[in-house]
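Here is my_file-v6.cif, consisting of mmCIF, C-alpha atoms:
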data_target
#
loop_
_atom_site.label_atom_id
_atom_site.label_comp_id
_atom_site.auth_asym_id
_atom_site.auth_seq_id
_atom_site.Cartn_x
_atom_site.Cartn_y
_atom_site.Cartn_z
CA MET F 1 3.25 6.90 -13.65
CA THR F 2 4.49 8.42 -16.92
CA ILE F 3 5.20 12.17 -16.80
CA LEU F 4 6.07 14.35 -19.78
CA VAL F 5 7.37 17.91 -19.38
CA ASN F 6 7.10 19.83 -22.65
CA GLY F 7 6.87 16.46 -24.35
CA GLU F 8 10.04 15.04 -22.79
CA PRO F 9 9.93 12.00 -20.47
CA GLY F 10 11.97 12.30 -17.30
CA ALA F 11 12.38 16.07 -17.63
CA ALA F 12 12.06 18.26 -14.54
CA VAL F 13 10.04 21.41 -13.92
CA GLU F 14 12.23 24.40 -13.06
CA ALA F 15 12.13 25.47 -9.41
CA GLY F 16 11.33 29.00 -10.57
CA ASP F 17 8.29 27.92 -12.59
CA ARG F 18 5.38 30.23 -11.80
CA GLY F 19 3.03 27.28 -11.53
CA LEU F 20 5.11 26.07 -8.59
CA GLN F 21 5.69 29.54 -7.12
CA PHE F 22 2.20 30.99 -7.43
CA GLY F 23 -0.18 28.41 -8.88
CA ASP F 24 0.00 30.49 -12.06
CA GLY F 25 -1.54 28.07 -14.53
CA VAL F 26 -4.47 25.79 -15.30
CA PHE F 27 -5.12 22.07 -15.48
CA GLU F 28 -7.54 19.45 -16.75
CA THR F 29 -8.11 15.95 -15.37
CA VAL F 30 -9.41 13.75 -18.17
CA ARG F 31 -10.73 10.23 -18.46
CA MET F 32 -8.80 8.26 -21.09
CA ARG F 33 -10.28 5.45 -23.16
CA ALA F 34 -8.35 3.63 -25.93
CA GLY F 35 -5.71 6.35 -25.92
CA ARG F 36 -8.22 9.16 -26.37
CA PRO F 37 -9.50 11.72 -23.84
CA VAL F 38 -13.25 11.47 -23.25
CA LEU F 39 -15.23 14.68 -23.90
CA TRP F 40 -12.02 16.28 -25.09
CA LYS F 41 -13.61 19.31 -26.78
CA ARG F 42 -15.20 20.33 -23.49
CA HIS F 43 -11.93 19.91 -21.61
CA TRP F 44 -9.98 21.80 -24.29
CA SER F 45 -12.52 24.63 -24.39
CA ARG F 46 -12.34 25.11 -20.61
CA LEU F 47 -8.53 24.97 -20.66
CA CYS F 48 -8.38 27.63 -23.39
CA ARG F 49 -10.85 29.88 -21.53
CA GLY F 50 -8.75 29.62 -18.39
CA LEU F 51 -5.53 30.42 -20.22
CA GLU F 52 -7.18 33.41 -21.86
CA LEU F 53 -8.39 34.72 -18.49
CA LEU F 54 -4.85 34.43 -17.09
CA GLY F 55 -3.15 35.78 -20.22
CA ILE F 56 -1.09 32.62 -20.80
CA PRO F 57 -0.34 31.53 -24.39
CA THR F 58 -2.29 28.45 -25.48
CA PRO F 59 -0.23 25.36 -26.35
CA SER F 60 -0.72 23.26 -29.46
CA GLU F 61 -3.86 21.15 -29.17
CA ARG F 62 -2.22 18.53 -31.37
CA ALA F 63 0.78 18.31 -29.02
CA CYS F 64 -1.49 17.96 -25.97
CA LEU F 65 -3.49 15.16 -27.59
CA GLU F 66 -0.36 13.34 -28.70
CA GLU F 67 1.16 13.51 -25.22
CA LEU F 68 -2.06 12.40 -23.52
CA SER F 69 -2.08 9.40 -25.83
CA ARG F 70 1.54 8.62 -24.93
CA VAL F 71 0.82 8.46 -21.19
CA SER F 72 -2.41 6.46 -21.50
CA THR F 73 -2.86 2.72 -21.06
CA ASP F 74 -4.90 0.08 -22.86
CA VAL F 75 -7.59 0.23 -20.20
CA PRO F 76 -9.67 3.22 -19.02
CA SER F 77 -7.56 5.52 -16.86
CA MET F 78 -7.20 9.13 -15.75
CA ALA F 79 -4.61 11.61 -17.02
CA LYS F 80 -3.76 15.19 -16.11
CA LEU F 81 -2.75 18.09 -18.35
CA ILE F 82 -1.15 21.14 -16.70
CA VAL F 83 -0.13 24.38 -18.40
CA THR F 84 1.76 27.01 -16.39
CA ARG F 85 3.07 30.44 -17.34
CA GLY F 86 6.52 28.90 -17.19
CA PRO F 87 9.69 30.12 -15.45
CA GLY F 88 10.01 33.67 -14.26
CA PRO F 89 11.79 35.90 -11.75
CA ARG F 90 10.66 36.22 -8.16
CA GLY F 91 7.72 38.52 -7.57
CA TYR F 92 4.17 38.61 -8.86
CA ALA F 93 4.82 40.65 -12.02
CA VAL F 94 4.40 38.41 -15.07
CA PRO F 95 7.21 38.08 -17.63
CA ALA F 96 6.68 40.09 -20.80
CA HIS F 97 7.29 37.05 -23.00
CA PRO F 98 6.27 33.92 -21.06
CA LEU F 99 7.45 30.46 -22.09
CA PRO F 100 4.66 28.18 -20.84
CA THR F 101 5.42 24.81 -19.29
CA ARG F 102 3.28 21.86 -20.38
CA ILE F 103 3.04 18.84 -18.07
CA VAL F 104 1.15 15.66 -18.91
CA MET F 105 0.77 12.95 -16.27
CA GLY F 106 -0.56 9.46 -16.81
CA GLY F 107 -2.51 7.66 -14.12
CA ALA F 108 -3.31 4.19 -12.91
CA PRO F 109 -6.18 2.23 -14.47
CA LEU F 110 -9.51 3.79 -13.54
CA ASP F 111 -10.79 2.15 -10.41
CA ILE F 112 -12.97 3.31 -7.53
CA PRO F 113 -12.16 0.71 -4.86
CA ASP F 114 -14.88 -0.29 -2.44
CA ALA F 115 -17.18 2.43 -3.75
CA PRO F 116 -20.71 2.00 -2.40
CA ALA F 117 -23.71 2.07 -4.71
CA ILE F 118 -24.63 5.40 -3.14
CA LEU F 119 -21.76 7.73 -2.22
CA ARG F 120 -21.66 8.97 1.36
CA VAL F 121 -21.42 12.77 1.45
CA GLY F 122 -20.61 15.03 4.37
CA VAL F 123 -20.61 18.83 4.69
CA CYS F 124 -17.29 20.69 4.85
CA SER F 125 -16.76 23.75 7.04
CA THR F 126 -14.30 25.21 4.51
CA ARG F 127 -16.29 27.64 2.38
CA ALA F 128 -16.12 28.08 -1.40
CA ALA F 129 -14.90 31.64 -1.93
CA ARG F 130 -16.03 33.97 -4.71
CA SER F 131 -13.53 33.71 -7.57
CA PRO F 132 -12.09 36.65 -9.56
CA VAL F 133 -11.66 34.21 -12.48
CA PRO F 134 -14.95 32.25 -12.48
CA GLY F 135 -14.92 28.99 -14.40
CA CYS F 136 -11.12 28.89 -14.55
CA LYS F 137 -9.65 25.59 -13.36
CA HIS F 138 -6.48 27.25 -12.08
CA LEU F 139 -3.73 25.65 -10.02
CA ASN F 140 -4.67 27.45 -6.79
CA ARG F 141 -6.84 24.72 -5.22
CA LEU F 142 -6.12 25.28 -1.50
CA GLU F 143 -9.84 25.57 -0.68
CA ASN F 144 -10.34 22.09 -2.09
CA VAL F 145 -7.25 20.76 -0.30
CA LEU F 146 -8.51 22.11 3.04
CA ALA F 147 -12.01 20.77 2.40
CA ARG F 148 -10.61 17.37 1.43
CA ARG F 149 -8.73 17.20 4.75
CA GLU F 150 -12.08 17.38 6.54
CA TRP F 151 -13.35 14.09 5.18
CA SER F 152 -14.02 11.61 7.93
CA GLY F 153 -13.35 7.92 7.46
CA ASP F 154 -16.79 7.14 6.03
CA TRP F 155 -17.07 10.07 3.61
CA ASP F 156 -16.79 9.57 -0.15
CA GLU F 157 -17.19 13.31 -0.85
CA GLY F 158 -17.86 16.59 0.94
CA LEU F 159 -20.21 19.43 0.00
CA MET F 160 -18.83 22.98 -0.05
CA LEU F 161 -21.03 25.98 0.75
CA ASP F 162 -20.46 29.64 -0.08
CA ALA F 163 -20.35 32.46 2.49
CA ALA F 164 -24.16 32.73 2.40
CA GLY F 165 -24.59 29.03 3.18
CA ARG F 166 -25.66 27.93 -0.30
CA VAL F 167 -24.36 24.66 -1.70
CA ARG F 168 -22.02 25.36 -4.62
CA CYS F 169 -20.09 22.15 -5.30
CA ALA F 170 -18.34 19.21 -3.69
CA THR F 171 -14.60 19.08 -3.10
CA GLN F 172 -13.94 17.41 -6.46
CA SER F 173 -17.29 17.13 -8.23
CA ASN F 174 -20.42 19.05 -9.20
CA VAL F 175 -23.75 18.66 -7.39
CA PHE F 176 -27.26 17.93 -8.68
CA VAL F 177 -30.47 17.28 -6.76
CA LEU F 178 -33.76 15.74 -7.88
CA GLU F 179 -36.74 17.79 -6.74
CA GLN F 180 -40.33 17.17 -7.87
CA GLY F 181 -39.12 15.35 -10.97
CA MET F 182 -36.70 18.12 -11.98
CA LEU F 183 -32.90 18.01 -11.78
CA LEU F 184 -31.37 21.13 -10.20
CA THR F 185 -27.74 22.25 -9.92
CA PRO F 186 -26.11 25.32 -8.33
CA ALA F 187 -25.13 28.21 -10.57
CA LEU F 188 -21.34 28.52 -10.80
CA ASN F 189 -20.96 32.02 -12.19
CA ALA F 190 -18.72 33.06 -9.29
CA HIS F 191 -17.88 29.88 -7.34
CA GLY F 192 -16.49 26.48 -8.23
CA VAL F 193 -15.67 25.04 -11.64
CA PRO F 194 -18.34 23.94 -14.16
CA GLY F 195 -17.36 20.35 -14.91
CA THR F 196 -17.38 18.73 -18.32
CA ARG F 197 -19.97 16.15 -17.21
CA ARG F 198 -22.11 18.89 -15.68
CA GLY F 199 -22.04 20.76 -18.99
CA TRP F 200 -22.88 17.61 -20.95
CA LEU F 201 -25.81 16.88 -18.64
CA LEU F 202 -27.20 20.42 -18.95
CA ASP F 203 -27.01 20.13 -22.74
CA HIS F 204 -28.45 16.61 -23.13
CA ALA F 205 -30.87 15.92 -20.27
CA ALA F 206 -33.88 17.03 -22.32
CA ALA F 207 -33.18 14.31 -24.88
CA PHE F 208 -33.79 11.77 -22.10
CA GLY F 209 -37.05 13.42 -21.03
CA LEU F 210 -35.62 15.19 -17.98
CA THR F 211 -35.73 18.91 -17.18
CA VAL F 212 -32.56 20.35 -15.64
CA ARG F 213 -31.85 23.92 -14.58
CA GLU F 214 -29.67 26.00 -12.30
CA ALA F 215 -31.11 26.95 -8.91
CA SER F 216 -30.15 28.34 -5.51
CA LEU F 217 -29.65 25.33 -3.24
CA THR F 218 -29.49 25.78 0.51
CA LEU F 219 -28.29 22.89 2.62
CA PRO F 220 -31.81 22.23 4.03
CA ARG F 221 -33.14 22.12 0.47
CA VAL F 222 -30.50 19.58 -0.51
CA ARG F 223 -31.36 17.49 2.54
CA ARG F 224 -35.06 17.54 1.58
CA ALA F 225 -34.36 16.60 -2.05
CA ASP F 226 -35.66 13.33 -3.44
CA ALA F 227 -32.13 12.37 -4.49
CA VAL F 228 -28.62 13.81 -4.74
CA PHE F 229 -26.14 13.18 -7.55
CA LEU F 230 -22.49 14.04 -8.17
CA THR F 231 -20.68 14.37 -11.50
CA SER F 232 -17.00 14.45 -12.43
CA ALA F 233 -14.64 13.11 -15.08
CA ARG F 234 -13.65 10.32 -12.71
CA LEU F 235 -17.06 9.47 -11.26
CA GLY F 236 -19.25 10.07 -14.28
CA LEU F 237 -22.73 10.42 -12.74
CA ARG F 238 -23.14 8.91 -9.28
CA ARG F 239 -25.94 8.80 -6.72
CA ALA F 240 -25.09 10.29 -3.31
CA ALA F 241 -26.73 10.83 0.07
CA LEU F 242 -26.13 13.00 3.11
CA PRO F 243 -26.37 11.53 6.62
CA GLY F 244 -30.01 10.85 7.46
CA GLN F 245 -31.27 10.88 3.87
CA ASP F 246 -33.35 7.86 2.87
CA PRO F 247 -32.48 6.82 -0.73
CA ALA F 248 -35.54 4.53 -0.88
CA SER F 249 -38.16 7.20 -0.27
CA GLY F 250 -40.56 9.04 -2.61
CA CYS F 251 -39.76 9.53 -6.28
CA SER F 252 -36.12 8.64 -5.57
CA ALA F 253 -37.05 4.98 -5.09
CA PRO F 254 -35.97 2.45 -7.74
CA GLY F 255 -38.53 2.18 -10.51
CA SER F 256 -39.57 5.85 -10.37
CA GLU F 257 -39.58 7.58 -13.76
CA PRO F 258 -37.18 10.47 -12.93
CA LEU F 259 -34.68 8.12 -11.33
CA ASP F 260 -34.87 5.74 -14.28
CA CYS F 261 -34.14 8.68 -16.62
CA ILE F 262 -31.13 9.68 -14.56
CA ARG F 263 -29.88 6.10 -14.45
CA GLU F 264 -30.12 5.95 -18.25
CA ILE F 265 -28.24 9.26 -18.53
CA GLY F 266 -25.51 7.92 -16.23
CA GLU F 267 -25.08 4.77 -18.29
CA HIS F 268 -24.88 6.83 -21.48
CA MET F 269 -22.44 9.30 -19.92
CA ASN F 270 -20.12 6.54 -18.71
CA ALA F 271 -20.02 5.09 -22.24
CA LEU F 272 -19.01 8.39 -23.87
CA ASP F 273 -15.82 8.55 -25.91
#
Structure encoded using structure tokens:
Amino acid sequence: MTILVNGEPGAAVEAGDRGLQFGDGVFETVRMRAGRPVLWKRHWSRLCRGLELLGIPTPSERACLEELSRVSTDVPSMAKLIVTRGPGPRGYAVPAHPLPTRIVMGGAPLDIPDAPAILRVGVCSTRAARSPVPGCKHLNRLENVLARREWSGDWDEGLMLDAAGRVRCATQSNVFVLEQGMLLTPALNAHGVPGTRRGWLLDHAAAFGLTVREASLTLPRVRRADAVFLTSARLGLRRAALPGQDPASGCSAPGSEPLDCIREIGEHMNALD
């Protein structure tokens, strides 16, 4: 794995870096193709919004793109961009003139080993808490870490509910359900992170003849849905099912018009550059 710290290979992050001390920073996980990050403008826009919310200076977009290209491979892969507030003294007070740290990490070729055609999804007991910085993909991801620890051996993902029992997201992806020919997804105005693929799907589904909107999704409603889907930079758009759901029933069966539309959207999404 190639790692660049402020553009330098082999450099180390200071022990006093606020990203390490407090999770004081943001990150993006991007799919790389031919040395270029897929859906970059959406990733960059979310990164900038997060930095603005935290009051951290924004790095050079050109430098970030150049470094992502340096860590990429000739085949599709994943890469990670991290921006922290940089080094600082002990204590929560932020430095008056922060010097942000920029970390870019390359990844192995994109591969989802032994992935089933339909992902197996469980339900995590760890709840998705209300965020004071909604939509910010900050470095404090302990909820997701705890939820990820709950996965049993046959899970491919785990749903996360809020305190009221509504489905908000999965541990590392966004959630959609197909209901009466319409694609629904939880609102994320106070919980979770709106993913780049989720945003793309909300913007482009109508062009494929599919209606998509935000809705309140209880767990029973998700279980009754005709189909469940997950989206992320790594997965693209993938079909999923909870224990006991029958993927071959109703309008979720192969050959149904809504499912064919979603399949076409998934193929288009996975070919994006």
**OP:** Taking the file above as input, evaluate the PyMOL selection byres ((chain F and resi 104) around 6) and report the hits as JSON, numbers by chain.
**Re:** {"F": [3, 4, 80, 81, 103, 105]}
Based on the selection just made, write C-alpha atoms of those residues as an mmCIF file, in the coordinates of the input.
data_model
loop_
_atom_site.group_PDB
_atom_site.id
_atom_site.type_symbol
_atom_site.label_atom_id
_atom_site.label_comp_id
_atom_site.auth_asym_id
_atom_site.auth_seq_id
_atom_site.Cartn_x
_atom_site.Cartn_y
_atom_site.Cartn_z
ATOM 1 C CA ILE F 3 5.200 12.170 -16.800
ATOM 2 C CA LEU F 4 6.070 14.350 -19.780
ATOM 3 C CA LYS F 80 -3.760 15.190 -16.110
ATOM 4 C CA LEU F 81 -2.750 18.090 -18.350
ATOM 5 C CA ILE F 103 3.040 18.840 -18.070
ATOM 6 C CA MET F 105 0.770 12.950 -16.270
#
Original post:
Care to translate the PyMOL selection byres ((chain F and resi 174-185) around 7) into actual residues of this file, as number ranges by chain?
Top reply: F: 169-170, 173, 186-187, 195, 198, 210-215, 222, 225-232, 258
Subject >> Separation of atom CA of Gln172 of chain F from atom CA of Leu259 of chain F in Å >> reply: 23.2 Å
Original post:
Could you name the residues that touch segment 40-44 of chain F at 12 Å or less, counting all atoms listed in the file, but leaving out those on the same chain fewer than 4 positions away, as an NGL selection string?
Top reply: :F and (26-33 or 35-36 or 48-51 or 58-62 or 64-65 or 68 or 79-83 or 135-137 or 193-200 or 203 or 232-233 or 272-273)
**OP:** Report the residues retrieved by the PyMOL selection byres ((chain F and resi 148-165) around 10) from the displayed file, expressed as a PyMOL selection string.
**Re:** chain F and resi 115-116+118-130+142-147+166-175+190-192+217-220+230+240-243
Original post:
Separation of atom CA of Arg46 of chain F and atom CA of Arg85 of chain F, in Å?
Top reply: 16.6 Å
